[in-house]
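**Student:** Pasting protein-v7.txt here (compact mmCIF, C-alpha atoms):
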```
# COMPACT_ATOMS: atom_id res chain seq x y z
CA MET A 1 -30.10 4.63 121.36
CA ALA A 2 -31.94 4.89 118.06
CA GLN A 3 -32.69 8.43 116.93
CA LEU A 4 -36.05 9.57 115.69
CA ILE A 5 -36.02 10.64 112.03
CA LYS A 6 -37.53 14.09 111.44
CA VAL A 7 -40.47 13.56 109.11
CA ARG A 8 -43.91 15.10 108.68
CA PRO A 9 -46.43 13.00 110.64
CA THR A 10 -48.53 11.93 107.66
CA LYS A 11 -49.73 8.52 106.48
CA ILE A 12 -47.75 8.93 103.24
CA GLU A 13 -44.55 9.33 105.25
CA LEU A 14 -45.42 6.25 107.27
CA VAL A 15 -45.84 4.20 104.09
CA LYS A 16 -42.54 5.57 102.76
CA LEU A 17 -40.75 4.71 106.00
CA LYS A 18 -42.13 1.18 105.98
CA ARG A 19 -40.91 0.77 102.41
CA ARG A 20 -37.46 2.08 103.42
CA LEU A 21 -37.35 -0.35 106.34
CA ARG A 22 -38.13 -3.31 104.09
CA LEU A 23 -35.43 -2.22 101.65
CA SER A 24 -32.89 -1.72 104.44
CA GLN A 25 -33.60 -5.19 105.81
CA ARG A 26 -33.09 -6.72 102.36
CA VAL A 27 -29.84 -4.79 101.87
CA GLN A 28 -28.68 -5.86 105.32
CA LYS A 29 -29.26 -9.50 104.40
CA ILE A 30 -27.23 -9.18 101.20
CA VAL A 31 -24.43 -7.24 102.89
CA LYS A 32 -24.23 -9.85 105.67
CA ASP A 33 -24.07 -12.58 103.05
CA ARG A 34 -21.28 -10.72 101.28
CA LEU A 35 -19.42 -10.21 104.53
CA SER A 36 -19.53 -13.91 105.34
CA ILE A 37 -18.26 -14.75 101.82
CA LEU A 38 -15.45 -12.22 102.10
CA THR A 39 -14.47 -13.58 105.51
CA MET A 40 -14.42 -17.13 104.13
CA GLU A 41 -12.24 -16.02 101.20
CA PHE A 42 -9.97 -14.04 103.55
CA LEU A 43 -9.38 -17.01 105.85
CA GLN A 44 -8.69 -19.24 102.88
CA ALA A 45 -6.29 -16.68 101.39
CA ALA A 46 -4.53 -16.33 104.77
CA ARG A 47 -4.00 -20.08 105.00
CA GLU A 48 -2.74 -20.23 101.42
CA THR A 49 -0.43 -17.24 102.00
CA VAL A 50 1.24 -18.98 104.94
CA THR A 51 1.82 -22.10 102.82
CA ALA A 52 2.99 -20.07 99.80
CA ARG A 53 5.40 -18.03 101.93
CA ARG A 54 6.88 -21.19 103.41
CA ARG A 55 7.19 -22.70 99.93
CA ALA A 56 8.85 -19.54 98.57
CA MET A 57 11.36 -19.47 101.42
CA THR A 58 12.23 -23.15 100.93
CA ALA A 59 12.51 -22.64 97.16
CA MET A 60 14.85 -19.66 97.58
CA THR A 61 17.05 -21.62 100.00
CA ASP A 62 17.18 -24.49 97.49
CA VAL A 63 18.09 -22.09 94.67
CA TYR A 64 21.02 -20.61 96.59
CA LYS A 65 22.24 -24.08 97.51
CA ALA A 66 21.92 -25.37 93.92
CA VAL A 67 23.64 -22.31 92.41
CA THR A 68 26.46 -22.52 94.95
CA VAL A 69 27.07 -26.20 94.18
CA ALA A 70 26.91 -25.57 90.40
CA SER A 71 29.32 -22.61 90.57
CA GLY A 72 31.65 -24.69 92.74
CA TYR A 73 31.69 -27.41 90.09
CA HIS A 74 31.93 -25.24 86.92
CA GLY A 75 33.63 -22.20 88.35
CA TYR A 76 31.84 -18.90 88.92
CA VAL A 77 33.00 -17.23 85.68
CA ALA A 78 32.06 -20.17 83.44
CA LEU A 79 28.64 -20.47 85.05
CA GLN A 80 28.03 -16.75 84.75
CA LYS A 81 28.99 -16.89 81.06
CA GLU A 82 26.37 -19.60 80.46
CA LEU A 83 23.70 -17.82 82.47
CA VAL A 84 24.25 -14.45 80.76
CA ALA A 85 23.80 -16.15 77.39
CA CYS A 86 20.40 -17.59 78.37
CA GLU A 87 19.05 -14.49 80.09
CA ALA A 88 15.40 -13.88 79.15
CA ASP A 89 12.57 -11.65 80.30
CA ILE A 90 9.98 -13.18 82.56
CA SER A 91 6.51 -13.21 81.05
CA VAL A 92 3.63 -13.05 83.51
CA THR A 93 -0.02 -12.90 82.55
CA ALA A 94 -1.75 -10.47 84.90
CA GLY A 95 -5.41 -9.64 85.08
CA PRO A 96 -8.17 -9.08 87.60
CA ARG A 97 -10.46 -11.69 89.11
CA SER A 98 -13.61 -10.76 90.89
CA VAL A 99 -14.67 -11.97 94.34
CA ALA A 100 -18.05 -10.73 95.53
CA GLY A 101 -17.68 -7.38 93.79
CA ILE A 102 -14.01 -6.66 94.51
CA ARG A 103 -11.24 -7.06 92.01
CA LEU A 104 -8.24 -9.12 93.10
CA PRO A 105 -5.08 -9.58 91.06
CA SER A 106 -4.53 -12.81 89.20
CA LEU A 107 -0.95 -13.61 88.14
CA GLU A 108 0.28 -16.55 86.12
CA LEU A 109 3.83 -17.29 84.96
CA ASN A 110 4.03 -18.06 81.26
CA GLU A 111 6.21 -21.10 80.78
CA PRO A 112 8.57 -20.96 77.75
CA ALA A 113 7.35 -23.15 74.90
CA GLY A 114 9.15 -26.44 74.40
CA GLY A 115 10.85 -26.30 77.80
CA LEU A 116 14.11 -24.93 76.32
CA ARG A 117 16.65 -23.89 78.90
CA GLY A 118 18.73 -21.56 76.74
CA TYR A 119 22.23 -22.60 77.87
CA ASN A 120 24.56 -25.10 76.25
CA LEU A 121 23.54 -28.55 77.47
CA THR A 122 26.73 -30.26 76.30
CA GLN A 123 29.07 -27.98 78.24
CA THR A 124 27.13 -27.89 81.49
CA SER A 125 26.36 -30.55 84.06
CA ALA A 126 23.14 -31.78 85.64
CA LEU A 127 23.88 -29.43 88.55
CA VAL A 128 23.06 -26.43 86.35
CA ASP A 129 19.86 -28.17 85.24
CA ALA A 130 18.91 -28.69 88.88
CA ALA A 131 19.68 -25.04 89.69
CA SER A 132 17.58 -23.93 86.72
CA ASP A 133 14.64 -26.11 87.80
CA THR A 134 14.72 -24.88 91.38
CA ALA A 135 15.02 -21.26 90.20
CA ARG A 136 11.90 -21.68 88.05
CA GLU A 137 10.11 -23.26 91.00
CA ALA A 138 11.15 -20.31 93.21
CA LEU A 139 9.90 -17.86 90.61
CA ARG A 140 6.54 -19.63 90.48
CA ALA A 141 6.33 -19.56 94.31
CA ILE A 142 7.17 -15.82 94.44
CA ILE A 143 4.51 -14.97 91.86
CA GLU A 144 1.92 -17.04 93.73
CA LEU A 145 2.89 -15.34 96.99
CA ALA A 146 2.62 -11.87 95.41
CA GLU A 147 -0.88 -12.63 94.14
CA LEU A 148 -2.06 -14.04 97.44
CA GLN A 149 -0.55 -11.29 99.58
CA ARG A 150 -2.09 -8.45 97.54
CA GLY A 151 -5.40 -10.29 97.50
CA LEU A 152 -5.25 -10.67 101.27
CA GLU A 153 -4.71 -6.91 101.74
CA LEU A 154 -7.59 -6.01 99.43
CA LEU A 155 -9.91 -8.52 101.08
CA GLY A 156 -9.02 -7.16 104.54
CA THR A 157 -9.81 -3.59 103.50
CA GLU A 158 -13.10 -4.63 101.93
CA ILE A 159 -14.10 -6.66 105.01
CA ASN A 160 -13.56 -3.59 107.19
CA ARG A 161 -15.66 -1.44 104.86
CA THR A 162 -18.45 -4.02 104.66
CA LYS A 163 -18.42 -4.43 108.45
CA ARG A 164 -18.93 -0.68 108.87
CA ILE A 165 -21.89 -0.81 106.47
CA THR A 166 -23.41 -3.79 108.30
CA ASN A 167 -22.98 -2.10 111.67
CA ALA A 168 -24.48 1.17 110.39
CA LEU A 169 -27.49 -0.70 109.06
CA GLU A 170 -27.89 -2.87 112.15
CA TYR A 171 -27.36 -0.26 114.86
CA ILE A 172 -28.35 3.06 113.26
CA VAL A 173 -30.47 2.91 110.10
CA ILE A 174 -32.87 0.05 110.89
CA PRO A 175 -33.46 0.97 114.59
CA SER A 176 -34.10 4.62 113.65
CA LEU A 177 -36.61 3.59 111.03
CA GLU A 178 -38.31 1.19 113.45
CA VAL A 179 -38.49 3.82 116.18
CA THR A 180 -39.90 6.43 113.80
CA ILE A 181 -42.47 4.00 112.40
CA ARG A 182 -43.54 3.08 115.95
CA PHE A 183 -43.73 6.76 116.90
CA LEU A 184 -45.85 7.63 113.85
CA SER A 185 -48.14 4.62 114.36
CA MET A 186 -48.70 5.59 118.01
CA LYS A 187 -49.36 9.19 116.95
CA PHE A 188 -51.99 8.05 114.43
CA GLU A 189 -53.61 5.72 116.95
CA GLU A 190 -53.73 8.59 119.43
CA ARG A 191 -55.29 10.80 116.76
CA ASP A 192 -57.92 8.10 116.05
CA ARG A 193 -58.73 7.80 119.74
CA GLU A 194 -59.09 11.58 120.06
CA GLU A 195 -61.34 11.59 117.00
CA LYS A 196 -63.55 8.85 118.49
CA ALA A 197 -63.76 10.64 121.83
CA ARG A 198 -64.72 13.89 120.06
CA LEU A 199 -67.44 12.12 118.05
CA LYS A 200 -68.83 10.54 121.21
CA ARG A 201 -68.86 13.92 122.92
CA VAL A 202 -70.67 15.49 119.94
CA LYS A 203 -73.17 12.61 119.95
CA VAL A 204 -73.88 13.15 123.66
CA LEU A 205 -74.32 16.92 123.14
CA LEU A 206 -76.70 16.34 120.21
CA ALA A 207 -78.68 13.80 122.24
CA ARG A 208 -78.90 16.27 125.13
CA LYS A 209 -80.08 19.05 122.77
CA GLU A 210 -82.79 16.82 121.27
CA GLY A 211 -83.88 15.65 124.67
CA MET B 1 -27.41 -5.10 94.38
CA ARG B 2 -25.96 -3.64 91.19
CA LEU B 3 -22.73 -2.82 93.05
CA VAL B 4 -22.14 -6.29 94.45
CA ASN B 5 -23.06 -7.91 91.12
CA SER B 6 -21.07 -5.37 89.07
CA SER B 7 -18.51 -7.85 87.81
CA LEU B 8 -20.87 -10.50 86.52
CA PRO B 9 -20.01 -11.86 83.07
CA ARG B 10 -21.66 -10.15 80.11
CA GLN B 11 -21.60 -13.46 78.30
CA ARG B 12 -20.28 -16.87 79.19
CA ARG B 13 -17.80 -18.77 77.03
CA SER B 14 -17.45 -22.49 76.59
CA LEU B 15 -14.44 -24.32 77.97
CA SER B 16 -13.37 -25.49 74.52
CA ASP B 17 -13.38 -21.85 73.31
CA LEU B 18 -11.32 -20.70 76.27
CA LEU B 19 -8.78 -23.50 75.87
CA GLU B 20 -8.08 -22.31 72.34
CA ALA B 21 -7.87 -18.61 73.27
CA SER B 22 -4.42 -17.04 73.64
CA GLN B 23 -5.58 -15.11 76.71
CA PRO B 24 -8.66 -16.81 78.18
CA SER B 25 -10.92 -14.11 79.57
CA ILE B 26 -14.48 -12.81 79.50
CA GLY B 27 -15.99 -9.35 79.56
CA CYS B 28 -17.88 -8.26 82.67
CA SER B 29 -20.99 -6.10 82.89
CA ASP B 30 -18.99 -3.19 84.38
CA GLY B 31 -16.72 -3.12 81.31
CA SER B 32 -13.77 -4.92 82.91
CA HIS B 33 -12.30 -8.30 82.00
CA GLN B 34 -11.93 -11.41 84.07
CA LEU B 35 -8.95 -13.64 83.39
CA PHE B 36 -9.15 -17.42 83.71
CA LYS B 37 -6.13 -19.33 84.97
CA ARG B 38 -4.78 -21.91 82.57
CA ALA B 39 -4.18 -24.36 85.39
CA GLU B 40 -7.89 -24.31 86.26
CA LEU B 41 -8.95 -24.69 82.63
CA LYS B 42 -6.58 -27.65 82.34
CA LEU B 43 -8.08 -29.22 85.46
CA LEU B 44 -11.57 -28.85 83.97
CA SER B 45 -10.51 -30.22 80.60
CA ASP B 46 -8.97 -33.25 82.32
CA ILE B 47 -12.28 -34.00 84.04
CA LEU B 48 -14.46 -33.63 80.94
CA ASP B 49 -14.57 -35.22 77.50
CA GLU B 50 -14.72 -33.35 74.18
CA ASP B 51 -18.53 -32.88 74.05
CA GLU B 52 -18.74 -31.85 77.68
CA ARG B 53 -16.01 -29.24 77.14
CA SER B 54 -18.17 -27.43 74.62
CA ALA B 55 -21.23 -27.79 76.89
CA LEU B 56 -19.56 -26.25 79.94
CA PHE B 57 -19.94 -22.48 80.00
CA LEU B 58 -17.65 -20.48 82.26
CA PRO B 59 -17.65 -18.98 84.80
CA ILE B 60 -19.82 -21.32 86.87
CA LEU B 61 -22.21 -19.11 88.85
CA ILE B 62 -22.75 -19.56 92.58
CA GLU B 63 -25.91 -17.88 93.87
CA MET B 64 -25.99 -16.48 97.38
CA SER B 65 -29.53 -15.77 98.46
CA GLY B 66 -29.40 -14.60 102.03
CA ASP B 67 -28.82 -17.96 103.71
CA GLU B 68 -25.37 -17.83 105.30
CA THR B 69 -25.01 -21.59 105.62
CA GLU B 70 -25.49 -22.67 102.04
CA ALA B 71 -25.13 -21.59 98.43
CA ILE B 72 -26.69 -22.65 95.16
CA VAL B 73 -24.62 -23.57 92.11
CA LEU B 74 -26.56 -22.76 88.95
CA CYS B 75 -26.38 -25.80 86.67
CA PRO B 76 -28.05 -25.25 83.30
CA SER B 77 -26.61 -28.60 82.15
CA ASP B 78 -25.35 -31.77 83.86
CA VAL B 79 -21.73 -30.85 83.14
CA GLU B 80 -21.59 -28.27 85.94
CA GLN B 81 -22.95 -30.87 88.33
CA LYS B 82 -20.26 -33.33 87.24
CA VAL B 83 -17.50 -30.72 87.70
CA VAL B 84 -18.71 -29.64 91.14
CA SER B 85 -19.13 -33.25 92.29
CA TYR B 86 -15.58 -34.06 91.15
CA VAL B 87 -14.03 -31.02 92.82
CA VAL B 88 -15.95 -31.44 96.06
CA GLY B 89 -15.21 -35.16 96.06
CA MET B 90 -18.73 -36.50 96.53
CA ASN B 91 -21.77 -37.20 94.40
CA LEU B 92 -24.17 -34.28 94.50
CA ASP B 93 -27.68 -34.17 93.08
CA CYS B 94 -29.83 -31.17 92.21
CA ASP B 95 -32.81 -31.00 94.59
CA LYS B 96 -34.45 -28.61 92.11
CA PRO B 97 -33.78 -28.66 88.37
CA GLY B 98 -30.69 -26.61 87.56
CA ARG B 99 -29.93 -25.76 91.19
CA LEU B 100 -27.27 -27.61 93.15
CA ARG B 101 -27.17 -26.96 96.89
CA LEU B 102 -23.72 -26.60 98.49
CA TYR B 103 -22.88 -26.22 102.16
CA ARG B 104 -20.18 -23.83 103.38
CA PRO B 105 -17.29 -26.32 103.68
CA GLN B 106 -18.08 -27.66 100.19
CA LEU B 107 -18.24 -24.11 98.86
CA ALA B 108 -14.84 -23.32 100.39
CA LEU B 109 -13.38 -26.41 98.72
CA LEU B 110 -14.89 -25.49 95.36
CA ARG B 111 -13.59 -21.92 95.55
CA LYS B 112 -10.16 -23.12 96.62
CA ARG B 113 -9.77 -25.26 93.50
CA LEU B 114 -11.68 -23.06 91.02
CA LYS B 115 -10.90 -19.47 91.93
CA THR B 116 -11.27 -17.78 88.56
CA THR B 117 -13.72 -20.18 86.90
CA THR B 118 -16.44 -19.72 89.52
CA GLN B 119 -18.17 -16.48 90.45
CA TYR B 120 -20.63 -15.32 93.11
CA VAL B 121 -24.04 -13.88 92.28
CA PHE B 122 -26.01 -12.14 95.03
CA SER B 123 -29.76 -12.34 94.80
CA ALA B 124 -32.49 -11.00 97.04
CA ARG B 125 -34.88 -13.92 96.70
CA SER B 126 -35.22 -16.01 99.84
CA GLY B 127 -33.23 -19.25 99.82
CA ASP B 128 -35.52 -22.13 98.96
```
Reformat the file's structure so that it appears as C-alpha cells.
**Tutor:**
Amino acid sequence: MAQLIKVRPTKIELVKLKRRLRLSQRVQKIVKDRLSILTMEFLQAARETVTARRRAMTAMTDVYKAVTVASGYHGYVALQKELVACEADISVTAGPRSVAGIRLPSLELNEPAGGLRGYNLTQTSALVDAASDTAREALRAIIELAELQRGLELLGTEINRTKRITNALEYIVIPSLEVTIRFLSMKFEERDREEKARLKRVKVLLARKEG
Amino acid sequence: MRLVNSSLPRQRRSLSDLLEASQPSIGCSDGSHQLFKRAELKLLSDILDEDERSALFLPILIEMSGDETEAIVLCPSDVEQKVVSYVVGMNLDCDKPGRLRLYRPQLALLRKRLKTTTQYVFSARSGD
C-alpha cells in the first residue's frame, strides 16, 4: 500500500509534487530502458561464455595432446630445452569498455610481430609447430573466457541494482506521489466546496437582513 | 541521466586515425578511456574504402529513447548506415535524416559484432 508523504497542504506543495511525479516517471522510463539493455547484454554474454568455455576446454585438451605427441617424438628433455629458449612474456592489452554506464573489462592478446615462433625450426618437427599453434589458440580462448566471465558477473550485479531501483520507483515512489497528489487535490476541492457553501450561507443571511 | 550517460565519448575519432594509433582508444566524459578492439577495427576497415574510413567516426552511437522494442542509430553520414547494414545483413534506410531505426534482434546482432565500437546513449525524448 502506497504511503502518504508528509507535506504541508498548500498549492505550492501540490505543484512541486506534480513536478516530482513527472520527473520520477521519466526516470522510470530511462531505468527500464537501461534494464532491458543490460538484460539483453547479459543474455548475449551468457551465451558467448558457454561457447567460449567449451572452446577453451577443447583447446586445452588439444594442447595437452599435441605436447604429449611432440615430447614423445623429440624426447621430453630436448623439447623442454627448445621451449625454455623461446619463453616470452604474454602481452595483453587491457582496458575498460562501457555498456549502458557500467565499465566492463576488455582484453586482447597482442600477437608477436612477424609470427616468429622463437625455437629452432630446423631442429624441431611439425609436431612442435602444431603444439605451438594450439597453445596460442588456447591462450586466446582463455583470455576471451576471462573477459566474458568477468563481464557477466558485473552485468549480473548491475541488473540486480537496476531492478531494485525500478521496483522502488514502480511500487513505492510513484504510488506515494500519486496518492499524496490525489489526497491534496481532494483536500483543495473540499476546501473550495466549504468556501462556496459559506458564501451561499452569508448571501442568504445578508438577503434575510435586507428583507 | 548524467549517470547513465557518464561514459559517453568526449570526442569521436575517425577509423583511419584509430587504425594508425598504437593503442586505439578515446576519452570519455567522466575522465576514463574506452579501448577499441583491433579485431573490430579490422572488420570495419575491411568493409569500407579509404575515404569512408576517414568519414566514419567512432564509436557509433545508439540512442535509446524510452521505447523498449527499438533503438535509433545516429548516422551523421552514410558510412554508419553502410556499416550497420553490412553487420545486420540487410539493407536499412533512414526513415528520418541521420536516424536509423533498429529493432531489438538487429540491435543484439550489431552489439554482438561491434562491442567496443558502438555505444548506448540514453535520452528522455519520446521515441519518434
**Student:** Provide the atom CA of Val4 of chain B to atom CA of Gly101 of chain A distance in Å, to one decimal place.
**Tutor:**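 Spanning atom CA of Val4 of chain B to atom CA of Gly101 of chain A is a straight-line distance of 4.6 Å.
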**Student:** Quick one: everything within 10 Å of Leu107 of chain A, counting only C-alpha atoms, minus sequence neighbours fewer than 5 positions away in the same chain. Send it as a VMD selection string.
**Tutor:** (chain A and resid 92 to 97 140 143 to 148) or (chain B and resid 35 37)
**Student:** Within 10 Å of chain A, which residues belong to chain B? Use all atoms listed in the file and report them as a PyMOL selection string.
**Tutor:** chain B and resi 1-8+23+25+28+32-39+64-69+104-105+107-109+111-112+115-126
**Student:** What's the separation between atom CA of Val79 of chain B and atom CA of Leu56 of chain B, in Å to one decimal place?
**Tutor:**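 Computing the Euclidean distance for atom CA of Val79 of chain B and atom CA of Leu56 of chain B yields 6.0 Å.
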**Student:** Between B:Pro76, B:Ser54, B:Leu110, B:Ala71, single out the one closest to Met90 of chain B, counting only C-alpha atoms.
**Tutor:** B:Leu110
**Student:** Could you please determine the separation between atom CA of Met57 of chain A and atom CA of Lys42 of chain B in Å, to one decimal place?
**Tutor:**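 Distance between the two atoms: 27.4 Å.
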**Student:** Around all of segment 58-76 of chain B's listed atoms, make the axis-aligned box with 8 Å on each side and tell me centre and edge lengths in Å to one decimal, as JSON.
**Tutor:**
```
{"center_x": -23.6, "center_y": -20.2, "center_z": 93.9, "size_x": 27.9, "size_y": 27.2, "size_z": 39.4}
```
**Student:** Considering all atoms listed in the file, can you say which of B:Val83, B:Gly27, B:Tyr103, B:Asp93 comes closest to Arg12 of chain B?
**Tutor:**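 Closest to Arg12 of chain B of all the choices is B:Gly27.
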**Student:** When distances are computed from all atoms listed in the file, which of A:Lys196, A:Leu177, A:Glu87, A:Lys209 shows the smallest separation from Arg20 of chain A?
**Tutor:** A:Leu177
**Student:** Choose the residue, out of B:Leu41, B:Asp30, B:Tyr86, B:Leu102, that has the smallest atom-to-atom separation from Glu63 of chain B; count only C-alpha atoms.
**Tutor:**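 Using only C-alpha atoms, Glu63 of chain B sits closest to B:Leu102.
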**Student:** From the list B:Leu100, B:Leu43, B:Leu18, B:Ile26, which residue is nearest Glu80 of chain B when using all atoms listed in the file?
**Tutor:**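 The shortest atom-to-atom distance to Glu80 of chain B comes from B:Leu100.
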**Student:** So which one's closest to Leu127 of chain A, A:Gln80, A:Thr157, A:Ser71, A:Asn167? Using only C-alpha atoms, please.
**Tutor:**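 Going through A:Gln80, A:Thr157, A:Ser71, A:Asn167 one by one, the smallest distance to Leu127 of chain A is for A:Ser71.
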**Student:** (-31.6, 6.0, 111.3) in this file's frame - what residues fall within 8 Å of it? Use all atoms listed in the file and give the answer as a ChimeraX atom specification.
**Tutor:** /A:2-5,172-177
